[in-house]
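Student: Below is a structure I'd like to ask you about.
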Protein chains: 2
Amino acid sequence: MKVDGKEMRPIWLKKEDDKVEIIDQRMLPHELIIKSLDTVDDAIYAIKEMCVRGAPLIGVTGGFAVFVAVKNSPEGKLDWEYLEKECQKIKSARPTAVNLAWAVDRMVAKLRDAGDSYDAVLDAARDEALVIEEFEVENCRMIGQHGMPLIKKLSDQKGGKTVNLLTHCNAGWLACVEWGTATASMYTAFDNDIDIHVWVDETRPLNQGARLTAWELGKHGIKHTVITDNAGGHIMQHGMVDMVIVGTDRSTHTGDVANKIGTYLKALAAKDNGIPFYVALPSSTFDWVMKDGVKEIPIEERDPDEVRYIQGLLDGKLERVLVPPENSPAKDYAFDVTPSRLVTGFITERGVCGASEEEVKKLFPEKF
Amino acid sequence: MKVDGKEMRPIWLKKEDDKVEIIDQRMLPHELIIKSLDTVDDAIYAIKEMCVRGAPLIGVTGGFAVFVAVKNSPEGKLDWEYLEKECQKIKSARPTAVNLAWAVDRMVAKLRDAGDSYDAVLDAARDEALVIEEFEVENCRMIGQHGMPLIKKLSDQKGGKTVNLLTHCNAGWLACVEWGTATASMYTAFDNDIDIHVWVDETRPLNQGARLTAWELGKHGIKHTVITDNAGGHIMQHGMVDMVIVGTDRSTHTGDVANKIGTYLKALAAKDNGIPFYVALPSSTFDWVMKDGVKEIPIEERDPDEVRYIQGLLDGKLERVLVPPENSPAKDYAFDVTPSRLVTGFITERGVCGASEEEVKKLFPEKF
């Protein structure tokens with residue numbers, strides 16, 4: 001999407017010198033730092049240290065990492081043993097990231113198909129990394145195409161007055177490649193001259209909303225306001241929200257939605273105030289096995305210091321300050337599950353459907 | 001309540017030298033700083049700069065400020081003109097704080113009654129300030145007495161296993177004098193050997209939960225865990241909360257509850273999971289006129305920088321870090337209103353009642 005009027009992605013291949021570059025998201029929103037992934041170790045570092053984050057983007061970075069591995073083959077020669085080892089290293093950078101293993105395995109299969117010439121394998125690696133990238137872009141673009149009419153309808157109902165959307169965490173292009181998932185409909189609406197304004201939940205503990213979503217939206221020129229996670233209920237009660245759109249880390253095909261901690265509270269408030277609550281996702285995020293998300297989806301507990309310390313800018317430097325008493329324990333639950341009864345619908349690359357097995361089946365019959 | 005085993009209040013009169021001292025709450029939880037209120041200006045500064053905060057404590061501080069005014073009378077002589085002027089100054093330190101004006105007016109009436117001798121007026125001022133202080137203490141003590149059986153019942157139901165409570169913001173002794181309101185039942189239960197654990201919402205934007213409630217509970221020896229405001233729904237969904245108790249800044253006699261922003265979201269989650277949601281308050285916090293809290297109670301909007309900047313400890317110093325992009329706007333709604341249908345009951349100094357006009361009337365018939 002646009003950053004100060006210029007098209008930008010969180011990762012890209014520079015055609016002129018075949019180099020892979022990324023935005024180092026750790027420094028956002030306070031600094032826009034570009035890093036070059038010259039070696040496999042650079043790519044692994046970027047994934048591990050969360051210079052890149054978000055399932056789709058981690059997958060794409062994995063694809064480009066394999067391309068870098070081929071490019072850096074010893075003596076510029078094809079060496080399968082070396083390549084397999086590098087691919088294993090890449091896959092283990094974040095072992096729980098499904099997209100990463102998926103992308104690397106897909107790359108390896110394509111390289112094997114390309115034959116025994118180093119140049120053919122290098123070309124295949126470059127091509128396939130770009131294919132994976134474009135696959136993610138296309139999924140998100142379609143989510144935006146299908147979600148935009150929902151916003152358009154609200155805009156028409158309001159006689160063209162500003163449509164107020166609310167989102168939680170960052171399910172934007174920084175987590176994908178272009179468009180994002182939750183934000184796809186917003187960017188598409190904005191680019192089609194629909195007047196929108198987005199309430200951005202800061203999203204404690206890591207503040208991905210305040211740091212990343214606010215930055216993305218602002219750089220693209222979309223009106224937005226940062227609020228505390230506590231404020232959503234109040235503004236919904238007072239008619240200041242027309243629709244909620246969030247992303248998801250995993251949703252059951254029965255309609256339960258695991259997403260960043262706090263999503264469930266917003267869904268409750270939306271329900272209580274008759275506000276539509278949509279979840280945007282590519283179908284790869286559906287869990288086709290689990291039936292009861294609240295009971296079955298495991299919820300990651302992270303380092304309590306993420307709750308106790310908050311990072312921000314002080315005198316031009318990123319610093320972490322301690323908020324509670326030194327000795328007070330804290331707990332850091334990273335996700336929660338919103339039951340399907342609170343979800344108005346899913347926005348997918350194939351269209352919009354209700355949050356139930358029956359409705360999801362209509363869009364993805366081949367999965368049932 | 002106890003701080004490292006020693007009884008402490010947020011304000012006190014030192015018998016030996018007639019000096020008023022306070023805890024400077026701005027530095028909590030990282031430093032326990034005691035300040036002396038030697039002049040009326042000291043007291044006004046303490047109220048304005050929020051060294052003391054919380055409606056009851058502001059009232060008590062106002063009472064002691066009048067005592068200080070009498071003590072510092074020019075040439076140790078009775079001078080009504082001087083006293084009236086000082087009282088006006090004190091009342092205007094925080095003009096919207098009802099308790100402040102109430103306490104100062106009450107002090108002035110008592111001084112007038114005390115006659116024309118300077119010593120008699122000084123004694124009356126000291127006595128009345130202490131009476132106001134003890135009045136607040138007694139209210140909160142009674143709230144604890146009435147609320148404790150609710151916790152006891154849960155403890156019995158669980159066969160003595162830990163009762164998990166959740167609270168939002170700080171409605172503790174730091175906001176009152178002793179016991180607090182939301183925390184009164186917790187302290188009373190703990191002092192009666194009931195095994196409790198308190199989930200402390202950090203309470204963005206100003207983090208009064210993480211900073212003050214966690215400090216209070218920890219210093220008294222009560223088990224507690226700091227969580228983000230986002231986490232409450234998840235832990236309620238998974239059986240980790242037995243009861244919610246919060247305070248309130250204003251509640252209608254019909255049962256609607258204005259409290260720190262985010263309270264409404266916790267009430268929704270409690271309702272959704274069948275968890276009792278209680279509001280603790282002295283009856284002075286009831287609004288006997290308003291009927292529809294959501295529509296009628298005005299919600300204060302504060303400086304958006306409270307959302308954008310977060311204060312905490314860095315290298316032994318309190319610092320403020322900026323989280324969202326420099327140019328992203330923010331909104332800071334300070335309170336929200338929880339409709340009566342989500343409130344299980346009120347815990348007052350006269351007993352526990354349902355959150356409805358009918359039920360409140362049973363406890364406070366003289367107000368209707």
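Letters A, B, ... mark the chains of the structure tokens in the order given; residue numbers begin at 1 per chain; ligand numbers begin at 1, in order shown.
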Mind listing the alpha helix (DSSP H) residues of segment 287-335 of chain B, per DSSP on the backbone, as a list in words?

Tutor: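 Result set for segment 287-335 of chain B (alpha helix (DSSP H)): Gly293, Val294, Lys295, Glu296, Asp305, Glu306, Val307 and Arg308 of chain B.
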
Student: Using only C-alpha atoms, can you tell me which of B:Lys362, B:Lys367, B:Lys291, B:Arg204 comes closest to chain A?

Tutor: B:Arg204

Student: State, in Å with one decimal place, the distance from atom CA of Gly312 of chain B to atom CA of Leu265 of chain A.

Tutor: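 Taking atom CA of Gly312 of chain B as the start and atom CA of Leu265 of chain A as the end point, the length is 26.5 Å.
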
Student: Using only C-alpha atoms, which protein or nucleic acid residues come within 10 Å of Phe368 of chain A? Drop anything in the same chain fewer than 4 positions from it, and give the result as a PyMOL selection string.

Tutor: chain A and resi 253+288-289+357+360-362+364

Student: As number ranges by chain, which residues of segment 135-328 of chain A does DSSP assign to strand (DSSP E or B)?

Tutor: A: 163-167, 196-201, 223-227, 243-246, 250-252, 257-260, 277-280, 286-287, 301, 309-314, 317-322

Student: Select, from A:Val337, A:Val257, A:Ala46, A:Val52, the residue with the minimum atom-to-atom distance to chain B, counting only C-alpha atoms.

Tutor: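 Checking each of A:Val337, A:Val257, A:Ala46, A:Val52 against chain B, counting only C-alpha atoms, the winner is A:Val337.
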
Student: Which polymer residues have any atom within 10 Å of an atom of Ala125 of chain B, counting only C-alpha atoms, with same-chain residues fewer than 4 positions away left out, as a PyMOL selection string?

Tutor: chain B and resi 63-71+107-108+110-111+114+119-121+129-131
